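*Asks:* Dropping in work.cif, which is mmCIF, C-alpha atoms:
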```cif
data_structure
#
loop_
_atom_site.label_atom_id
_atom_site.label_comp_id
_atom_site.auth_asym_id
_atom_site.auth_seq_id
_atom_site.Cartn_x
_atom_site.Cartn_y
_atom_site.Cartn_z
CA MET A 1 -16.97 -21.58 8.95
CA SER A 2 -14.18 -19.38 10.37
CA ALA A 3 -14.74 -18.14 13.91
CA ALA A 4 -13.60 -14.63 12.98
CA PRO A 5 -16.49 -12.70 11.39
CA LEU A 6 -15.95 -10.48 8.38
CA GLY A 7 -16.86 -6.90 7.72
CA VAL A 8 -18.70 -6.55 4.39
CA TYR A 9 -18.67 -3.27 2.45
CA LEU A 10 -21.01 -2.58 -0.49
CA HIS A 11 -19.93 0.31 -2.70
CA VAL A 12 -22.75 2.20 -4.43
CA PRO A 13 -21.04 4.61 -6.85
CA PHE A 14 -23.96 6.87 -7.66
CA CYS A 15 -24.73 10.46 -6.68
CA VAL A 16 -27.20 13.08 -7.82
CA SER A 17 -24.18 15.33 -8.44
CA LYS A 18 -20.51 15.11 -7.58
CA CYS A 19 -19.02 17.40 -4.93
CA PRO A 20 -16.05 19.49 -6.16
CA TYR A 21 -13.66 18.07 -3.53
CA CYS A 22 -14.56 14.39 -4.01
CA ASP A 23 -12.18 11.94 -5.68
CA PHE A 24 -14.06 8.76 -4.74
CA TYR A 25 -15.27 6.59 -7.59
CA SER A 26 -18.81 7.84 -8.17
CA LEU A 27 -21.03 8.75 -11.12
CA SER A 28 -23.54 11.61 -11.31
CA LEU A 29 -27.07 10.46 -12.17
CA GLY A 30 -28.98 13.74 -11.85
CA ARG A 31 -32.13 14.28 -9.86
CA GLU A 32 -34.04 11.49 -11.61
CA PRO A 33 -31.77 8.43 -11.40
CA ASP A 34 -32.06 5.67 -13.98
CA GLY A 35 -34.18 3.04 -12.24
CA GLU A 36 -33.12 0.31 -14.67
CA LEU A 37 -29.43 0.99 -13.96
CA LEU A 38 -30.05 0.87 -10.21
CA ASP A 39 -31.92 -2.42 -10.63
CA ARG A 40 -28.99 -3.89 -12.61
CA TYR A 41 -26.53 -2.67 -10.01
CA THR A 42 -28.55 -4.17 -7.16
CA ALA A 43 -28.75 -7.50 -8.98
CA ALA A 44 -24.96 -7.45 -9.52
CA LEU A 45 -24.36 -6.83 -5.80
CA GLU A 46 -26.73 -9.68 -4.93
CA ARG A 47 -24.85 -11.95 -7.35
CA ASP A 48 -21.49 -11.15 -5.74
CA LEU A 49 -22.85 -11.45 -2.21
CA ARG A 50 -23.96 -15.00 -3.02
CA ARG A 51 -20.71 -15.87 -4.84
CA TRP A 52 -18.46 -14.63 -2.08
CA GLY A 53 -20.69 -16.05 0.62
CA GLU A 54 -20.27 -19.51 -0.88
CA ARG A 55 -16.56 -19.03 -1.56
CA LEU A 56 -15.60 -17.78 1.91
CA ASP A 57 -18.13 -19.68 4.01
CA ARG A 58 -17.74 -17.15 6.82
CA GLY A 59 -20.11 -15.12 8.89
CA ALA A 60 -20.10 -11.33 9.03
CA ASP A 61 -20.89 -9.01 11.93
CA THR A 62 -20.80 -5.66 10.09
CA LEU A 63 -22.36 -4.54 6.81
CA TYR A 64 -21.67 -1.08 5.43
CA PHE A 65 -23.40 0.61 2.49
CA GLY A 66 -21.02 3.33 1.30
CA GLY A 67 -20.57 5.45 -1.77
CA GLY A 68 -21.43 7.57 -3.55
CA THR A 69 -24.89 7.94 -2.10
CA PRO A 70 -26.20 4.43 -1.35
CA SER A 71 -29.56 5.73 -0.14
CA LEU A 72 -30.30 6.46 -3.84
CA LEU A 73 -31.02 2.73 -4.19
CA GLY A 74 -34.27 3.33 -2.32
CA ALA A 75 -36.33 1.16 0.01
CA ARG A 76 -37.01 -1.84 -2.23
CA ARG A 77 -33.44 -2.37 -3.46
CA LEU A 78 -31.85 -1.85 -0.04
CA THR A 79 -34.25 -4.37 1.47
CA ARG A 80 -33.28 -6.93 -1.17
CA LEU A 81 -29.59 -6.39 -0.49
CA LEU A 82 -30.02 -6.67 3.27
CA GLU A 83 -31.93 -9.92 2.89
CA THR A 84 -29.33 -11.34 0.50
CA ALA A 85 -26.41 -10.33 2.72
CA ALA A 86 -28.10 -11.74 5.82
CA THR A 87 -28.41 -15.13 4.12
CA ALA A 88 -25.02 -15.16 2.39
CA PHE A 89 -23.04 -14.15 5.50
CA SER A 90 -25.26 -15.30 8.37
CA LEU A 91 -25.76 -11.79 9.73
CA SER A 92 -27.00 -11.91 13.31
CA GLN A 93 -29.41 -9.54 15.02
CA GLU A 94 -26.37 -8.01 16.74
CA ALA A 95 -24.65 -7.11 13.45
CA GLU A 96 -23.85 -3.44 12.87
CA ILE A 97 -25.52 -2.42 9.58
CA THR A 98 -24.76 1.11 8.35
CA LEU A 99 -26.22 3.20 5.54
CA GLU A 100 -24.62 6.43 4.30
CA VAL A 101 -27.19 9.07 3.37
CA ASN A 102 -27.20 12.58 1.94
CA PRO A 103 -29.38 15.07 3.85
CA GLY A 104 -32.46 16.41 2.15
CA ASP A 105 -33.22 13.58 -0.24
CA GLY A 106 -36.69 12.76 1.17
CA LEU A 107 -35.54 9.70 3.06
CA GLN A 108 -38.44 8.73 5.32
CA GLU A 109 -39.58 5.72 3.25
CA THR A 110 -36.02 4.56 2.64
CA LEU A 111 -34.97 4.86 6.28
CA SER A 112 -38.11 3.13 7.53
CA ALA A 113 -37.56 0.22 5.13
CA PHE A 114 -33.86 0.04 6.02
CA SER A 115 -34.73 -0.15 9.72
CA SER A 116 -37.48 -2.74 9.17
CA ALA A 117 -35.07 -4.93 7.19
CA GLY A 118 -32.52 -4.93 10.03
CA GLY A 119 -30.46 -1.80 9.41
CA ASN A 120 -29.51 -0.08 12.65
CA ARG A 121 -27.02 2.73 11.93
CA ILE A 122 -26.92 5.69 9.56
CA SER A 123 -24.11 8.03 8.61
CA VAL A 124 -25.28 11.47 7.49
CA GLY A 125 -23.07 13.80 5.43
CA MET A 126 -23.74 16.92 7.49
CA GLN A 127 -20.31 18.55 6.84
CA SER A 128 -21.23 21.91 8.43
CA ALA A 129 -24.05 23.57 10.37
CA ARG A 130 -23.62 26.77 8.33
CA ASP A 131 -25.30 27.20 4.97
CA ASP A 132 -22.60 29.56 3.66
CA GLU A 133 -19.93 26.91 4.28
CA LEU A 134 -22.07 24.25 2.61
CA VAL A 135 -22.42 26.49 -0.44
CA ARG A 136 -18.65 26.97 -0.63
CA LEU A 137 -18.21 23.18 -0.39
CA GLY A 138 -20.55 22.71 -3.33
CA ARG A 139 -23.01 20.65 -1.29
CA ARG A 140 -26.63 20.31 -2.44
CA HIS A 141 -28.14 20.32 1.05
CA ARG A 142 -28.56 23.00 3.70
CA PHE A 143 -28.57 22.65 7.49
CA ALA A 144 -32.37 22.49 7.62
CA ASP A 145 -32.09 19.31 5.52
CA VAL A 146 -29.72 17.82 8.10
CA ARG A 147 -32.19 18.49 10.89
CA ARG A 148 -35.03 16.97 8.86
CA THR A 149 -32.99 13.85 8.04
CA VAL A 150 -32.15 13.35 11.72
CA GLU A 151 -35.86 13.61 12.56
CA GLU A 152 -36.70 11.08 9.82
CA ALA A 153 -34.10 8.70 11.23
CA GLN A 154 -35.55 9.03 14.71
CA ARG A 155 -39.06 8.31 13.40
CA ALA A 156 -37.65 5.22 11.66
CA GLY A 157 -36.18 3.99 14.96
CA LEU A 158 -32.57 4.61 13.91
CA SER A 159 -31.01 6.08 17.04
CA ASN A 160 -27.43 5.06 16.20
CA LEU A 161 -26.66 8.25 14.31
CA SER A 162 -23.27 9.28 12.91
CA LEU A 163 -22.70 12.76 11.50
CA ASP A 164 -19.82 13.76 9.22
CA LEU A 165 -18.07 17.12 9.60
CA MET A 166 -15.42 18.70 7.42
CA LEU A 167 -12.66 20.88 8.86
CA ALA A 168 -10.34 23.43 7.23
CA ILE A 169 -12.89 24.16 4.51
CA PRO A 170 -13.03 27.43 2.55
CA GLY A 171 -14.09 30.36 4.69
CA GLN A 172 -14.40 28.34 7.91
CA THR A 173 -13.10 29.79 11.18
CA GLU A 174 -12.23 28.07 14.43
CA ASP A 175 -15.43 29.43 15.96
CA THR A 176 -17.66 28.14 13.16
CA ALA A 177 -15.94 24.74 13.19
CA VAL A 178 -16.51 24.42 16.94
CA ALA A 179 -20.12 25.58 16.55
CA SER A 180 -20.76 22.87 13.94
CA ALA A 181 -19.26 20.25 16.25
CA ARG A 182 -21.45 21.35 19.15
CA THR A 183 -24.49 21.38 16.87
CA ALA A 184 -23.77 17.80 15.77
CA ALA A 185 -23.65 16.72 19.40
CA ALA A 186 -26.85 18.60 20.18
CA LEU A 187 -28.65 16.83 17.32
CA GLY A 188 -28.13 13.56 19.17
CA ALA A 189 -25.17 12.13 17.26
CA ARG A 190 -23.77 9.02 18.94
CA HIS A 191 -20.78 9.22 16.59
CA VAL A 192 -19.05 12.05 14.72
CA SER A 193 -16.44 11.82 11.98
CA ALA A 194 -14.48 15.07 11.61
CA TYR A 195 -12.28 15.05 8.54
CA LEU A 196 -9.75 17.60 7.37
CA LEU A 197 -10.45 18.70 3.81
CA LYS A 198 -7.81 17.31 1.48
CA ILE A 199 -7.42 18.88 -1.95
CA GLU A 200 -7.17 15.86 -4.26
CA GLU A 201 -5.55 16.06 -7.68
CA GLY A 202 -8.04 15.87 -10.52
CA THR A 203 -10.95 17.44 -8.63
CA PRO A 204 -12.49 20.88 -9.34
CA PHE A 205 -11.13 22.08 -5.98
CA TYR A 206 -7.63 21.12 -7.09
CA ARG A 207 -7.98 23.29 -10.20
CA GLN A 208 -9.33 26.14 -8.05
CA ARG A 209 -6.87 25.69 -5.18
CA ASP A 210 -5.15 29.06 -5.66
CA ARG A 211 -8.50 30.85 -5.37
CA LEU A 212 -9.85 28.98 -2.36
CA SER A 213 -9.75 30.67 1.05
CA LEU A 214 -8.05 27.86 2.96
CA PRO A 215 -6.36 27.97 6.39
CA ASN A 216 -2.62 27.53 6.77
CA ASP A 217 -1.13 24.56 8.65
CA GLU A 218 -1.13 26.30 12.03
CA GLU A 219 -4.74 27.43 11.66
CA THR A 220 -5.74 23.92 10.56
CA ALA A 221 -4.08 22.41 13.62
CA ASP A 222 -5.80 24.87 15.96
CA ARG A 223 -9.16 24.15 14.33
CA TYR A 224 -8.71 20.38 14.63
CA LEU A 225 -7.71 20.50 18.30
CA ALA A 226 -10.54 22.91 19.15
CA VAL A 227 -13.09 20.57 17.56
CA CYS A 228 -11.56 17.57 19.36
CA HIS A 229 -11.98 19.35 22.69
CA ALA A 230 -15.54 20.51 21.90
CA LEU A 231 -16.68 17.01 20.97
CA GLU A 232 -15.09 15.44 24.03
CA GLU A 233 -16.74 18.07 26.25
CA ALA A 234 -20.04 16.88 24.72
CA GLY A 235 -19.25 13.26 25.65
CA LEU A 236 -18.02 12.13 22.23
CA ILE A 237 -14.61 10.64 22.98
CA GLN A 238 -11.94 10.49 20.30
CA TYR A 239 -11.06 6.90 19.47
CA GLU A 240 -9.36 7.45 16.07
CA ILE A 241 -7.69 10.37 14.30
CA SER A 242 -10.96 11.60 12.81
CA ASN A 243 -13.62 9.74 14.79
CA PHE A 244 -15.44 10.37 18.07
CA ALA A 245 -18.18 8.44 19.80
CA HIS A 246 -20.17 7.93 22.95
CA SER A 247 -19.03 4.79 24.75
CA GLY A 248 -20.21 1.69 22.89
CA PHE A 249 -20.99 3.56 19.66
CA GLU A 250 -17.59 3.39 17.96
CA SER A 251 -17.88 2.23 14.33
CA ARG A 252 -17.34 -1.51 14.54
CA HIS A 253 -16.96 -1.75 10.78
CA ASN A 254 -14.29 0.93 10.43
CA ARG A 255 -12.35 -0.43 13.39
CA LYS A 256 -11.84 -3.60 11.37
CA TYR A 257 -9.74 -1.61 8.89
CA TRP A 258 -7.55 -0.08 11.58
CA LEU A 259 -7.17 -3.39 13.41
CA ALA A 260 -6.19 -5.16 10.15
CA GLU A 261 -9.11 -7.57 10.43
CA ASP A 262 -10.66 -9.28 7.43
CA THR A 263 -13.01 -7.22 5.29
CA LEU A 264 -14.71 -7.87 1.95
CA GLY A 265 -15.50 -5.01 -0.44
CA LEU A 266 -17.97 -5.49 -3.28
CA GLY A 267 -18.58 -3.13 -6.18
CA PRO A 268 -16.21 -1.17 -8.46
CA ALA A 269 -13.30 0.50 -6.61
CA ALA A 270 -14.04 -1.44 -3.39
CA HIS A 271 -11.12 -2.80 -1.35
CA SER A 272 -10.76 -6.07 0.57
CA PHE A 273 -8.33 -7.50 3.13
CA LEU A 274 -8.63 -11.28 3.24
CA ASP A 275 -6.24 -13.76 4.86
CA GLY A 276 -3.38 -11.26 4.80
CA ARG A 277 -3.91 -10.19 1.17
CA ARG A 278 -5.05 -6.75 0.05
CA LEU A 279 -7.29 -6.65 -3.01
CA LYS A 280 -8.88 -3.81 -4.94
CA ASN A 281 -11.60 -3.89 -7.55
CA PRO A 282 -11.03 -1.94 -10.79
CA ARG A 283 -12.97 1.30 -11.21
CA SER A 284 -15.26 -0.06 -13.90
CA LEU A 285 -19.03 -0.02 -13.62
CA GLU A 286 -19.56 -2.07 -16.79
CA ALA A 287 -17.13 -4.79 -15.75
CA PHE A 288 -18.92 -5.07 -12.43
CA LEU A 289 -22.35 -5.21 -14.02
CA ASP A 290 -21.41 -7.93 -16.53
CA GLY A 291 -19.55 -10.02 -13.94
CA SER A 292 -16.10 -9.75 -15.52
CA LEU A 293 -14.57 -7.55 -12.81
CA GLN A 294 -11.66 -9.32 -11.09
CA PRO A 295 -9.98 -8.10 -7.85
CA GLU A 296 -6.34 -7.08 -8.18
CA GLU A 297 -3.54 -7.37 -5.64
CA GLU A 298 -2.57 -4.04 -4.14
CA PRO A 299 0.27 -2.95 -1.85
CA GLY A 300 -0.40 -2.07 1.75
CA PRO A 301 -0.76 1.56 2.90
CA ASP A 302 2.15 3.74 1.72
CA ASP A 303 3.52 0.69 -0.14
CA LEU A 304 4.36 -1.11 3.09
CA ARG A 305 4.53 -4.89 2.77
CA GLU A 306 1.02 -6.19 3.31
CA ASN A 307 0.22 -7.76 6.66
CA SER A 308 3.66 -6.72 7.96
CA GLU A 309 4.56 -5.42 11.40
CA GLU A 310 5.21 -2.00 9.87
CA GLU A 311 1.80 -1.83 8.21
CA TYR A 312 0.18 -2.94 11.47
CA LEU A 313 1.95 -0.13 13.33
CA MET A 314 0.80 2.44 10.80
CA LEU A 315 -2.83 1.32 10.99
CA ARG A 316 -2.96 0.92 14.77
CA LEU A 317 -1.44 4.36 15.41
CA ARG A 318 -4.60 5.83 13.88
CA LEU A 319 -6.41 4.58 17.00
CA ARG A 320 -6.24 6.33 20.35
CA GLU A 321 -5.08 3.14 22.08
CA GLY A 322 -2.30 2.83 19.50
CA VAL A 323 -0.37 -0.37 19.04
CA THR A 324 -0.58 -2.31 22.29
CA GLU A 325 2.10 -4.66 23.60
CA ARG A 326 -0.46 -7.39 24.26
CA ASP A 327 -2.11 -7.35 20.81
CA PHE A 328 1.19 -7.01 18.94
CA GLN A 329 2.71 -9.97 20.76
CA GLN A 330 -0.41 -12.04 20.19
CA ARG A 331 -0.33 -11.27 16.45
CA PHE A 332 3.41 -11.50 15.73
CA GLY A 333 4.75 -13.68 18.57
CA HIS A 334 7.28 -11.21 20.01
CA PRO A 335 7.33 -7.85 21.83
CA LEU A 336 7.18 -4.49 20.12
CA PRO A 337 10.54 -3.83 18.40
CA LEU A 338 12.99 -2.05 20.68
CA SER A 339 13.94 0.28 17.80
CA TRP A 340 10.37 1.62 17.72
CA ARG A 341 10.43 2.30 21.44
CA LYS A 342 13.83 4.02 21.27
CA LYS A 343 12.72 6.30 18.46
CA ALA A 344 9.41 7.03 20.20
CA GLY A 345 11.39 8.00 23.31
CA MET A 346 13.35 10.56 21.29
CA LEU A 347 10.15 12.39 20.29
CA PRO A 348 8.31 14.93 22.47
CA PRO A 349 5.82 13.33 24.89
CA SER A 350 3.31 15.90 23.68
CA LEU A 351 3.21 13.89 20.43
CA ILE A 352 3.76 10.24 21.36
CA ILE A 353 3.66 8.06 24.46
CA SER A 354 5.62 4.83 24.88
CA ASP A 355 5.00 2.86 28.08
CA GLU A 356 4.42 -0.70 29.27
CA GLY A 357 1.05 -0.74 27.52
CA GLY A 358 2.44 0.06 24.07
CA ILE A 359 2.93 3.07 21.79
CA ARG A 360 0.24 5.64 21.04
CA LEU A 361 -0.13 9.14 19.65
CA THR A 362 -1.60 12.14 21.43
CA GLN A 363 -4.13 14.46 19.79
CA GLU A 364 -1.25 16.74 18.82
CA GLY A 365 0.59 13.70 17.49
CA PHE A 366 -2.35 12.77 15.26
CA LEU A 367 -1.77 16.02 13.36
CA VAL A 368 1.71 14.87 12.30
CA SER A 369 1.10 11.11 12.36
CA ASN A 370 2.66 10.44 8.96
CA ALA A 371 5.92 12.13 9.92
CA ILE A 372 6.05 10.26 13.25
CA ILE A 373 5.42 6.89 11.58
CA LEU A 374 8.17 7.55 9.03
CA GLN A 375 10.57 8.35 11.85
CA LEU A 376 9.64 5.22 13.81
CA LEU A 377 10.18 3.04 10.73
CA SER A 378 13.35 4.73 9.49
CA ILE A 379 16.53 2.69 9.49
#
```
Give the structure from the file, written as C-alpha cells.

*Replies:*
Amino acid sequence: MSAAPLGVYLHVPFCVSKCPYCDFYSLSLGREPDGELLDRYTAALERDLRRWGERLDRGADTLYFGGGTPSLLGARRLTRLLETAATAFSLSQEAEITLEVNPGDGLQETLSAFSSAGGNRISVGMQSARDDELVRLGRRHRFADVRRTVEEAQRAGLSNLSLDLMLAIPGQTEDTAVASARTAAALGARHVSAYLLKIEEGTPFYRQRDRLSLPNDEETADRYLAVCHALEEAGLIQYEISNFAHSGFESRHNRKYWLAEDTLGLGPAAHSFLDGRRLKNPRSLEAFLDGSLQPEEEPGPDDLRENSEEEYLMLRLRLREGVTERDFQQRFGHPLPLSWRKKAGMLPPSLIISDEGGIRLTQEGFLVSNAIILQLLSI
C-alpha cells in the first residue's frame, strides 16, 4: 500500500431544487425524493468504493460527500457509505470526513448518524445572513434555518463547522457582506468559504444577467477585501483565495487539490487526480448506476499540461503560502524558474511577493490571480 494517503470524494448529484446560479451536475428530486433511486445510487457508490479500493490498494485520510445535496441520502445510506469507505480505504480515526448539507432540511437524525458513524466535519450552505439576499439567490432556506442547522450539528457533536458565503450577489452591499461574515464567525464556524458569484452560461442567472443588480469590478474587489479583513479580525485566517479557517481547521481534503496530491472522485461528473493523470467521469447518472461509466482523460486547469511545473504554479498560487522554493525543488528537482521570479519582480509588490521562500500572491493579488499567472507563464 502506498505511503501517501488519498483524498476520496463522493458526488451525490441530487437536490430538492436547483439554484438559479448553479452549473454543477445535479438533478432536482422535489421535496419527496425517490427512495428507490437513492438506494440504487448508494449501492452504486458502494460498488465503486470496493472496486477502486481493491484496484488502488491505498489508504485515504479524507472523505468528502459533496453535491448536489448529499445529506438527502439520509442517516441509513450515509452510514452504509461511511462503513464501506472505511473498509475499502482503511480510514483511520484521524481521517477528515466532511458532509455538505443544506440548511433547514430537518437534519438532526442525519447529522447524529453521520457523527456516530465517524463523520467529523460539516459544510453548511449558509450563503448570506440576510433573508432578502437569500431570496434573490433563489435559495430555499432562510437564516433561521442556518441557525437551527448549526444547533443540530452541535447537538450531534459536530464542532468542526464550515459555513459557505457568497459575495457580489444581487442587491448585496459591502456592509451586508461584512455583516454576514461576522455572523458566520459568531455562529462558531471554524472554517468559512467565501466565494464570488460567477454567472455561468446555461444557468437561469445567465439568462437574467442584464436584469440582475450586480456590483461592478471595483465594488466586487472592495467587498472581497472587506470580508477578508472581517474574517481575519474574527480569527479566521485566509489560507486560500476563498477559504478562511482557525488554526488547524483548514480543509485537509481541499488542500489536496491545490497541492496536486492524489484524489479519487466517484459518481457522475466527479474528477480524479491519480499518479499524475487527471480523469473526469461523464455526466451520466444512468451510466453510473449500471456500472458502464468510464473515467476520461482531461487536460489540466486552463489546458496546462497535466502534472507540469506550470500547472503546479497555478494551483499553488491559490494558497496563501504560494509556491515555495522547498516544495517545488523537492517535487521537480530544481529551483523555481528564474523567468518566474523576474516576471514576479516586475509586478507591484501589492499584488505578488517573490523572496527566498518562494512566490506568493497578496489578498489584492488574489483578485487578479488569473492575469498574474498568465503573465508569469508568458514567453

*Asks:* With the PyMOL selection byres ((chain A and resi 365) around 12) as the selection, what would be picked from this file? Answer as a ChimeraX atom specification, please.

*Replies:* /A:221,224-225,240-241,317-320,322,344,347-353,359-364,366-373

*Asks:* Could you give me, as a tab-separated table, a per-residue list for region 229-327 of chain A showing, wherever an atom lies at most 8 Å from an atom of region 21-27 of chain A, the closest pair of atoms and their distance in Å to one decimal, using all atoms listed in the file and sorting by chain then residue number from low to high?

*Replies:*
```
residue	atom	partner	partner_atom	distance
A:Pro268	CA	A:Tyr25	CA	7.9
A:Ala269	CA	A:Tyr25	CA	6.5
A:Arg283	CA	A:Tyr25	CA	6.8
```

*Asks:* For the provided coordinates, the residues matched by the PyMOL selection byres ((chain A and resi 205) around 12) should be stated as number ranges by chain.

*Replies:* A: 18-23, 136-138, 169-170, 197-204, 206-214

*Asks:* At what distance in Å, to one decimal, does CA of Leu289 (chain A) lie from CA of Arg40 (chain A)?

*Replies:*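 Atom-to-atom, CA of Arg40 (chain A) and CA of Leu289 (chain A) are spaced 6.9 Å apart.
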
*Asks:* Can you work out which one of A:Ala186, A:Gly35, A:Gln330, A:Gly53 has the shortest atom-to-atom distance to Gly235 (chain A), counting all atoms listed in the file?

*Replies:*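 Ranking A:Ala186, A:Gly35, A:Gln330, A:Gly53 by distance to Gly235 (chain A), first place goes to A:Ala186.
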
*Asks:* Where does the PyMOL selection byres ((chain A and resi 139) around 12) land in this file, that is, which residues does it pick, as number ranges by chain?

*Replies:* A: 15-22, 102-104, 125-128, 130-138, 140-143, 145-146, 166

*Asks:* Do you know which residues are at most 12 Å from Ala86 (chain A) counting all atoms listed in the file, after dropping those on the same chain fewer than 5 positions away, and could you put them as a PyMOL selection string?

*Replies:* chain A and resi 8+46+49-50+53+58-63+79-81+91-97+117-119

*Asks:* Could you check how far CA of His11 (chain A) sits from CA of Asp48 (chain A), in Å to one decimal?

*Replies:*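 Interatomic distance here is 12.0 Å.
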
*Asks:* In Å, with one decimal, what is the gap from CA of Gly188 (chain A) to CA of Glu219 (chain A)?

*Replies:*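 It comes out at 28.2 Å.
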
*Asks:* Place a sphere of radius 9 Å on (-39.4, 9.1, 7.4) in the file coordinates and name every protein, DNA or RNA residue with an atom inside or on its surface, counting all atoms listed in the file; give the answer as a tab-separated table (two decimals) with C-alpha atoms, in the coordinates of the input.

*Replies:*
```tsv
chain	number	residue	atom	x	y	z
A	106	GLY	CA	-36.69	12.76	1.17
A	107	LEU	CA	-35.54	9.70	3.06
A	108	GLN	CA	-38.44	8.73	5.32
A	109	GLU	CA	-39.58	5.72	3.25
A	110	THR	CA	-36.02	4.56	2.64
A	111	LEU	CA	-34.97	4.86	6.28
A	112	SER	CA	-38.11	3.13	7.53
A	149	THR	CA	-32.99	13.85	8.04
A	151	GLU	CA	-35.86	13.61	12.56
A	152	GLU	CA	-36.70	11.08	9.82
A	153	ALA	CA	-34.10	8.70	11.23
A	154	GLN	CA	-35.55	9.03	14.71
A	155	ARG	CA	-39.06	8.31	13.40
A	156	ALA	CA	-37.65	5.22	11.66
```

*Asks:* If the box runs along x, y and z of the file and leaves 8 Å on each side of region 243-258 of chain A, what are its centre and edge lengths in Å, one decimal, as lines of an AutoDock Vina configuration file?

*Replies:*
```
center_x = -14.3
center_y = 3.4
center_z = 16.8
size_x = 29.4
size_y = 30.0
size_z = 31.9
```

*Asks:* Excluding Gln238 (chain A) and any residue of its chain fewer than 5 positions from it, enumerate the residues within 8 Å of it, using only C-alpha atoms, and give them as a VMD selection string.

*Replies:* chain A and resid 228 232 243 to 245 320

*Asks:* Counting all atoms listed in the file, which residue out of A:Thr176, A:Glu250, A:Leu285, A:Pro33 sits closest to Pro13 (chain A)?

*Replies:* A:Leu285

*Asks:* Up to 9 Å from (-4.6, -9.9, -3.9) in the file's coordinates: name the residues, counting all atoms listed in the file, as an MDAnalysis selection string.

*Replies:* chainID A and resid 272:274 276:280 295:299

*Asks:* Let me make sure I understand: among A:Ala44, A:Ala75, A:Leu264, A:Ala85, which one has the smallest atom-to-atom distance to Leu56 (chain A) if we use only C-alpha atoms?

*Replies:*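 Nearest candidate to Leu56 (chain A) out of A:Ala44, A:Ala75, A:Leu264, A:Ala85: A:Leu264.
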